[in-house]
Amino acid sequence: DTEVTQTPKHLVMGMTNKKSLKCEQHMGHRAMYWYKQKAKKPPELMFVYSYEKLSINESVPSRFSPECPNSSLLNLHLHALQPEDSALYLCASSQVGERNEQFFGPGTRLTVL
Amino acid sequence: KNEVEQSPQNLTAQEGEFITINCSYSVGISALHWLQQHPGGGIVSLFMLSSGKKKHGRLIATINIQEKHSSLHITASHPRDSAVYICAVGGVQGAQKLVFGQGTRLTINP
């Protein structure tokens, strides 16, 4: 299994809602990532987990809360988002270390009203 | 100046043409990645290379470490190759971080 899955594919939420994005991989990868991508821009790194511990937080606002419950799962909890947070949210996974290919999921298209 | 520069930003060609997309970087890296993204879709990793040349089907990627330059070539291009191609480098800002170029939007007309 060389796939990263993400749910849901699309999400529309109001600014007062709480929702979660989910990501799963079964490749035995111990590094998992959250990226945010705005239209016609490259992905921006948000968070990195290595061995289920948060290793990188790119100064992301606290309304985004990541969680890595086990080595296969990665969640992104959303609360009190702003319309400018509307974007494609991509999950990726890789082996830990520098020279490792990242495998990306299909993304969740988030719209905040 | 961005650490990773791609050219061209946009490229339109006819089916069957040979395509070249270039990527230059300004610092030492551990590896360079070429990624493909179709409109509205997720990202697919095409190549990861740290030296020399790699080939998958009609795609060829080369890297020159001394010149800090990589190229992605597509032979016998096809409309299904229409996508954004992104160059990303690793090992610049830490082991797990990729620094991305701005992407090249490729359109292949039938």
# chains A, B, ... in the order shown; residues from 1 in each chain; ligands from 1

call {"tool": "residues_around", "arguments": {"residues": "segment 35-51 of chain B", "least_positions_apart": "4", "cutoff": "8 Å", "atoms": "only C-alpha atoms", "output": "JSON, numbers by chain"}}
result
{"A": [90, 100, 101, 102, 103, 104, 105, 106, 107], "B": [30, 31, 61, 62, 63, 64, 65, 82, 83, 84, 85, 86, 87, 88]}

call {"tool": "interface_residues", "arguments": {"of": "chain A", "to": "chain B", "cutoff": "12 Å", "atoms": "only C-alpha atoms", "output": "PDB file with N, CA and C atoms, in the first residue's frame"}}
result
ATOM      1  N   THR A   2       0.872   1.986  -1.109  1.00  0.00           N
ATOM      2  CA  THR A   2       1.721   3.178  -1.229  1.00  0.00           C
ATOM      3  C   THR A   2       0.862   4.433  -1.305  1.00  0.00           C
ATOM      4  N   GLU A   3      -0.211   4.449  -0.542  1.00  0.00           N
ATOM      5  CA  GLU A   3      -1.171   5.532  -0.666  1.00  0.00           C
ATOM      6  C   GLU A   3      -1.312   6.280   0.658  1.00  0.00           C
ATOM      7  N   VAL A   4      -1.481   7.603   0.519  1.00  0.00           N
ATOM      8  CA  VAL A   4      -1.872   8.428   1.647  1.00  0.00           C
ATOM      9  C   VAL A   4      -3.322   8.845   1.406  1.00  0.00           C
ATOM     10  N   THR A   5      -4.176   8.559   2.356  1.00  0.00           N
ATOM     11  CA  THR A   5      -5.591   8.929   2.181  1.00  0.00           C
ATOM     12  C   THR A   5      -5.942  10.092   3.098  1.00  0.00           C
ATOM     13  N   GLN A   6      -6.866  10.927   2.621  1.00  0.00           N
ATOM     14  CA  GLN A   6      -7.314  12.068   3.400  1.00  0.00           C
ATOM     15  C   GLN A   6      -8.828  12.140   3.343  1.00  0.00           C
ATOM     16  N   LYS A   9     -12.865  14.940   1.435  1.00  0.00           N
ATOM     17  CA  LYS A   9     -12.313  15.551   0.219  1.00  0.00           C
ATOM     18  C   LYS A   9     -12.631  17.039   0.183  1.00  0.00           C
ATOM     19  N   HIS A  10     -13.824  17.374   0.614  1.00  0.00           N
ATOM     20  CA  HIS A  10     -14.266  18.767   0.637  1.00  0.00           C
ATOM     21  C   HIS A  10     -14.890  19.052   2.004  1.00  0.00           C
ATOM     22  N   ARG A  30       7.467   7.150   9.393  1.00  0.00           N
ATOM     23  CA  ARG A  30       7.404   7.691  10.748  1.00  0.00           C
ATOM     24  C   ARG A  30       7.485   9.208  10.749  1.00  0.00           C
ATOM     25  N   ALA A  31       7.437   9.839   9.574  1.00  0.00           N
ATOM     26  CA  ALA A  31       7.319  11.296   9.479  1.00  0.00           C
ATOM     27  C   ALA A  31       6.039  11.614   8.731  1.00  0.00           C
ATOM     28  N   MET A  32       5.257  12.535   9.290  1.00  0.00           N
ATOM     29  CA  MET A  32       4.014  12.945   8.654  1.00  0.00           C
ATOM     30  C   MET A  32       3.905  14.459   8.703  1.00  0.00           C
ATOM     31  N   TYR A  33       3.283  15.017   7.668  1.00  0.00           N
ATOM     32  CA  TYR A  33       3.317  16.461   7.440  1.00  0.00           C
ATOM     33  C   TYR A  33       1.914  16.990   7.151  1.00  0.00           C
ATOM     34  N   TRP A  34       1.684  18.223   7.546  1.00  0.00           N
ATOM     35  CA  TRP A  34       0.533  18.997   7.071  1.00  0.00           C
ATOM     36  C   TRP A  34       1.054  20.203   6.290  1.00  0.00           C
ATOM     37  N   TYR A  35       0.474  20.392   5.086  1.00  0.00           N
ATOM     38  CA  TYR A  35       0.760  21.547   4.255  1.00  0.00           C
ATOM     39  C   TYR A  35      -0.548  22.277   3.971  1.00  0.00           C
ATOM     40  N   LYS A  36      -0.424  23.594   3.750  1.00  0.00           N
ATOM     41  CA  LYS A  36      -1.532  24.421   3.285  1.00  0.00           C
ATOM     42  C   LYS A  36      -1.151  24.946   1.905  1.00  0.00           C
ATOM     43  N   GLN A  37      -2.081  24.880   0.960  1.00  0.00           N
ATOM     44  CA  GLN A  37      -1.799  25.370  -0.387  1.00  0.00           C
ATOM     45  C   GLN A  37      -2.913  26.290  -0.862  1.00  0.00           C
ATOM     46  N   LYS A  38      -2.566  27.525  -1.152  1.00  0.00           N
ATOM     47  CA  LYS A  38      -3.493  28.479  -1.756  1.00  0.00           C
ATOM     48  C   LYS A  38      -3.380  28.352  -3.281  1.00  0.00           C
ATOM     49  N   ALA A  39      -4.414  28.849  -3.956  1.00  0.00           N
ATOM     50  CA  ALA A  39      -4.483  28.702  -5.412  1.00  0.00           C
ATOM     51  C   ALA A  39      -3.255  29.301  -6.097  1.00  0.00           C
ATOM     52  N   LYS A  40      -2.693  28.535  -7.011  1.00  0.00           N
ATOM     53  CA  LYS A  40      -1.570  28.951  -7.849  1.00  0.00           C
ATOM     54  C   LYS A  40      -0.310  29.267  -7.047  1.00  0.00           C
ATOM     55  N   LYS A  41      -0.216  28.695  -5.847  1.00  0.00           N
ATOM     56  CA  LYS A  41       0.978  28.845  -5.019  1.00  0.00           C
ATOM     57  C   LYS A  41       1.523  27.471  -4.665  1.00  0.00           C
ATOM     58  N   PRO A  42       2.802  27.376  -4.325  1.00  0.00           N
ATOM     59  CA  PRO A  42       3.321  26.092  -3.857  1.00  0.00           C
ATOM     60  C   PRO A  42       2.825  25.793  -2.448  1.00  0.00           C
ATOM     61  N   PRO A  43       2.926  24.548  -2.013  1.00  0.00           N
ATOM     62  CA  PRO A  43       2.508  24.220  -0.639  1.00  0.00           C
ATOM     63  C   PRO A  43       3.361  24.960   0.387  1.00  0.00           C
ATOM     64  N   GLU A  44       2.711  25.280   1.516  1.00  0.00           N
ATOM     65  CA  GLU A  44       3.426  25.862   2.665  1.00  0.00           C
ATOM     66  C   GLU A  44       3.391  24.862   3.813  1.00  0.00           C
ATOM     67  N   LEU A  45       4.539  24.548   4.344  1.00  0.00           N
ATOM     68  CA  LEU A  45       4.590  23.602   5.456  1.00  0.00           C
ATOM     69  C   LEU A  45       3.942  24.208   6.700  1.00  0.00           C
ATOM     70  N   MET A  46       3.118  23.386   7.369  1.00  0.00           N
ATOM     71  CA  MET A  46       2.505  23.818   8.629  1.00  0.00           C
ATOM     72  C   MET A  46       3.131  23.077   9.809  1.00  0.00           C
ATOM     73  N   PHE A  47       3.078  21.752   9.769  1.00  0.00           N
ATOM     74  CA  PHE A  47       3.537  20.923  10.887  1.00  0.00           C
ATOM     75  C   PHE A  47       4.255  19.686  10.365  1.00  0.00           C
ATOM     76  N   VAL A  48       5.218  19.194  11.165  1.00  0.00           N
ATOM     77  CA  VAL A  48       5.857  17.918  10.911  1.00  0.00           C
ATOM     78  C   VAL A  48       5.856  17.113  12.195  1.00  0.00           C
ATOM     79  N   TYR A  49       5.458  15.841  12.085  1.00  0.00           N
ATOM     80  CA  TYR A  49       5.588  14.884  13.180  1.00  0.00           C
ATOM     81  C   TYR A  49       6.657  13.866  12.810  1.00  0.00           C
ATOM     82  N   SER A  50       7.569  13.614  13.749  1.00  0.00           N
ATOM     83  CA  SER A  50       8.561  12.551  13.594  1.00  0.00           C
ATOM     84  C   SER A  50       8.401  11.604  14.774  1.00  0.00           C
ATOM     85  N   LEU A  54       5.617  16.057  17.687  1.00  0.00           N
ATOM     86  CA  LEU A  54       5.665  17.269  16.878  1.00  0.00           C
ATOM     87  C   LEU A  54       7.096  17.783  16.831  1.00  0.00           C
ATOM     88  N   SER A  55       7.666  17.845  15.641  1.00  0.00           N
ATOM     89  CA  SER A  55       9.056  18.281  15.510  1.00  0.00           C
ATOM     90  C   SER A  55       9.170  19.659  14.863  1.00  0.00           C
ATOM     91  N   ILE A  56       8.199  20.040  14.056  1.00  0.00           N
ATOM     92  CA  ILE A  56       8.219  21.353  13.424  1.00  0.00           C
ATOM     93  C   ILE A  56       6.816  21.955  13.483  1.00  0.00           C
ATOM     94  N   ASN A  57       6.727  23.188  13.960  1.00  0.00           N
ATOM     95  CA  ASN A  57       5.509  24.000  13.896  1.00  0.00           C
ATOM     96  C   ASN A  57       5.938  25.304  13.270  1.00  0.00           C
ATOM     97  N   GLU A  58       5.448  25.575  12.057  1.00  0.00           N
ATOM     98  CA  GLU A  58       5.872  26.759  11.326  1.00  0.00           C
ATOM     99  C   GLU A  58       5.082  27.994  11.765  1.00  0.00           C
ATOM    100  N   ALA A  87      -8.419  26.921   1.747  1.00  0.00           N
ATOM    101  CA  ALA A  87      -7.253  26.457   0.983  1.00  0.00           C
ATOM    102  C   ALA A  87      -7.375  24.954   0.781  1.00  0.00           C
ATOM    103  N   LEU A  88      -6.408  24.389   0.061  1.00  0.00           N
ATOM    104  CA  LEU A  88      -6.254  22.937  -0.035  1.00  0.00           C
ATOM    105  C   LEU A  88      -5.270  22.508   1.059  1.00  0.00           C
ATOM    106  N   TYR A  89      -5.683  21.575   1.895  1.00  0.00           N
ATOM    107  CA  TYR A  89      -4.812  21.087   2.961  1.00  0.00           C
ATOM    108  C   TYR A  89      -4.310  19.697   2.573  1.00  0.00           C
ATOM    109  N   LEU A  90      -3.004  19.607   2.462  1.00  0.00           N
ATOM    110  CA  LEU A  90      -2.357  18.375   2.009  1.00  0.00           C
ATOM    111  C   LEU A  90      -1.628  17.707   3.153  1.00  0.00           C
ATOM    112  N   CYS A  91      -1.767  16.407   3.211  1.00  0.00           N
ATOM    113  CA  CYS A  91      -1.013  15.584   4.149  1.00  0.00           C
ATOM    114  C   CYS A  91       0.060  14.844   3.354  1.00  0.00           C
ATOM    115  N   ALA A  92       1.193  14.589   3.962  1.00  0.00           N
ATOM    116  CA  ALA A  92       2.245  13.800   3.319  1.00  0.00           C
ATOM    117  C   ALA A  92       2.919  12.932   4.368  1.00  0.00           C
ATOM    118  N   SER A  93       3.617  11.914   3.889  1.00  0.00           N
ATOM    119  CA  SER A  93       4.383  11.057   4.807  1.00  0.00           C
ATOM    120  C   SER A  93       5.690  10.666   4.141  1.00  0.00           C
ATOM    121  N   SER A  94       6.663  10.302   4.970  1.00  0.00           N
ATOM    122  CA  SER A  94       7.954   9.851   4.451  1.00  0.00           C
ATOM    123  C   SER A  94       8.677   9.078   5.544  1.00  0.00           C
ATOM    124  N   GLN A  95       9.771   8.454   5.150  1.00  0.00           N
ATOM    125  CA  GLN A  95      10.691   7.954   6.165  1.00  0.00           C
ATOM    126  C   GLN A  95      11.336   9.170   6.836  1.00  0.00           C
ATOM    127  N   VAL A  96      11.825   9.001   8.050  1.00  0.00           N
ATOM    128  CA  VAL A  96      12.508  10.099   8.732  1.00  0.00           C
ATOM    129  C   VAL A  96      13.899  10.261   8.135  1.00  0.00           C
ATOM    130  N   GLY A  97      14.352  11.510   7.985  1.00  0.00           N
ATOM    131  CA  GLY A  97      15.678  11.763   7.436  1.00  0.00           C
ATOM    132  C   GLY A  97      15.611  12.639   6.209  1.00  0.00           C
ATOM    133  N   GLU A  98      16.777  13.027   5.699  1.00  0.00           N
ATOM    134  CA  GLU A  98      16.821  14.041   4.646  1.00  0.00           C
ATOM    135  C   GLU A  98      16.492  13.505   3.259  1.00  0.00           C
ATOM    136  N   ARG A  99      17.064  12.389   2.872  1.00  0.00           N
ATOM    137  CA  ARG A  99      16.931  11.952   1.481  1.00  0.00           C
ATOM    138  C   ARG A  99      15.796  10.946   1.338  1.00  0.00           C
ATOM    139  N   ASN A 100      14.608  11.416   1.676  1.00  0.00           N
ATOM    140  CA  ASN A 100      13.454  10.535   1.593  1.00  0.00           C
ATOM    141  C   ASN A 100      12.326  11.199   0.826  1.00  0.00           C
ATOM    142  N   GLU A 101      11.729  10.432  -0.057  1.00  0.00           N
ATOM    143  CA  GLU A 101      10.637  10.916  -0.870  1.00  0.00           C
ATOM    144  C   GLU A 101       9.404  11.115   0.002  1.00  0.00           C
ATOM    145  N   GLN A 102       8.699  12.226  -0.239  1.00  0.00           N
ATOM    146  CA  GLN A 102       7.441  12.456   0.459  1.00  0.00           C
ATOM    147  C   GLN A 102       6.292  11.985  -0.427  1.00  0.00           C
ATOM    148  N   PHE A 103       5.356  11.277   0.165  1.00  0.00           N
ATOM    149  CA  PHE A 103       4.164  10.800  -0.525  1.00  0.00           C
ATOM    150  C   PHE A 103       2.994  11.660  -0.054  1.00  0.00           C
ATOM    151  N   PHE A 104       2.312  12.279  -1.020  1.00  0.00           N
ATOM    152  CA  PHE A 104       1.249  13.218  -0.696  1.00  0.00           C
ATOM    153  C   PHE A 104      -0.122  12.563  -0.846  1.00  0.00           C
ATOM    154  N   GLY A 105      -1.055  13.010  -0.006  1.00  0.00           N
ATOM    155  CA  GLY A 105      -2.446  12.638  -0.166  1.00  0.00           C
ATOM    156  C   GLY A 105      -3.128  13.546  -1.175  1.00  0.00           C
ATOM    157  N   PRO A 106      -4.404  13.262  -1.498  1.00  0.00           N
ATOM    158  CA  PRO A 106      -5.136  14.046  -2.494  1.00  0.00           C
ATOM    159  C   PRO A 106      -5.587  15.409  -1.980  1.00  0.00           C
ATOM    160  N   GLY A 107      -5.541  15.603  -0.673  1.00  0.00           N
ATOM    161  CA  GLY A 107      -5.897  16.900  -0.112  1.00  0.00           C
ATOM    162  C   GLY A 107      -7.347  17.007   0.315  1.00  0.00           C
ATOM    163  N   THR A 108      -7.607  17.956   1.200  1.00  0.00           N
ATOM    164  CA  THR A 108      -8.962  18.359   1.585  1.00  0.00           C
ATOM    165  C   THR A 108      -9.143  19.809   1.178  1.00  0.00           C
ATOM    166  N   ARG A 109     -10.163  20.058   0.364  1.00  0.00           N
ATOM    167  CA  ARG A 109     -10.476  21.423  -0.065  1.00  0.00           C
ATOM    168  C   ARG A 109     -11.366  22.042   1.004  1.00  0.00           C
TER     169      ARG A 109
END

call {"tool": "residues_around", "arguments": {"residues": "segment 19-28 of chain B", "least_positions_apart": "6", "cutoff": "6 Å", "atoms": "only C-alpha atoms", "output": "ChimeraX atom specification"}}
result
/B:3-7,68-74

call {"tool": "write_last_selection", "arguments": {"atoms": "C-alpha atoms", "output": "short mmCIF file (atom, residue, chain, number, x, y, z; two decimals), in the first residue's frame"}}
result
data_model
loop_
_atom_site.label_atom_id
_atom_site.label_comp_id
_atom_site.auth_asym_id
_atom_site.auth_seq_id
_atom_site.Cartn_x
_atom_site.Cartn_y
_atom_site.Cartn_z
CA GLU B 3 16.21 29.88 -2.69
CA VAL B 4 14.60 27.84 -5.48
CA GLU B 5 13.89 29.40 -8.87
CA GLN B 6 12.01 27.67 -11.67
CA SER B 7 11.73 28.65 -15.30
CA LYS B 68 23.16 23.98 -8.52
CA HIS B 69 20.81 23.27 -11.39
CA SER B 70 18.30 20.60 -12.34
CA SER B 71 16.17 20.01 -15.41
CA LEU B 72 13.02 17.99 -15.98
CA HIS B 73 12.49 16.80 -19.55
CA ILE B 74 9.36 15.32 -21.09
#

call {"tool": "select_by_dssp", "arguments": {"residues": "segment 30-103 of chain A", "states": "strand (DSSP E)", "output": "PyMOL selection string"}}
result
chain A and resi 31-37+44-50+53-57+64-70+73-79+87-94+103

call {"tool": "residues_around", "arguments": {"residues": "segment 69-84 of chain A", "least_positions_apart": "2", "cutoff": "7 Å", "atoms": "only C-alpha atoms", "output": "PyMOL selection string"}}
result
chain A and resi 15-26+30+51-52+63-67+86+112-113

call {"tool": "atom_distance", "arguments": {"atom1": "atom CA of Thr104 of chain B", "atom2": "atom CA of Arg80 of chain B"}}
result
15.3 Å

call {"tool": "atom_distance", "arguments": {"atom1": "atom CA of Ile108 of chain B", "atom2": "atom CA of Gln14 of chain B"}}
result
5.4 Å

call {"tool": "atom_distance", "arguments": {"atom1": "atom CA of Met27 of chain A", "atom2": "atom CA of Pro8 of chain A"}}
result
20.5 Å
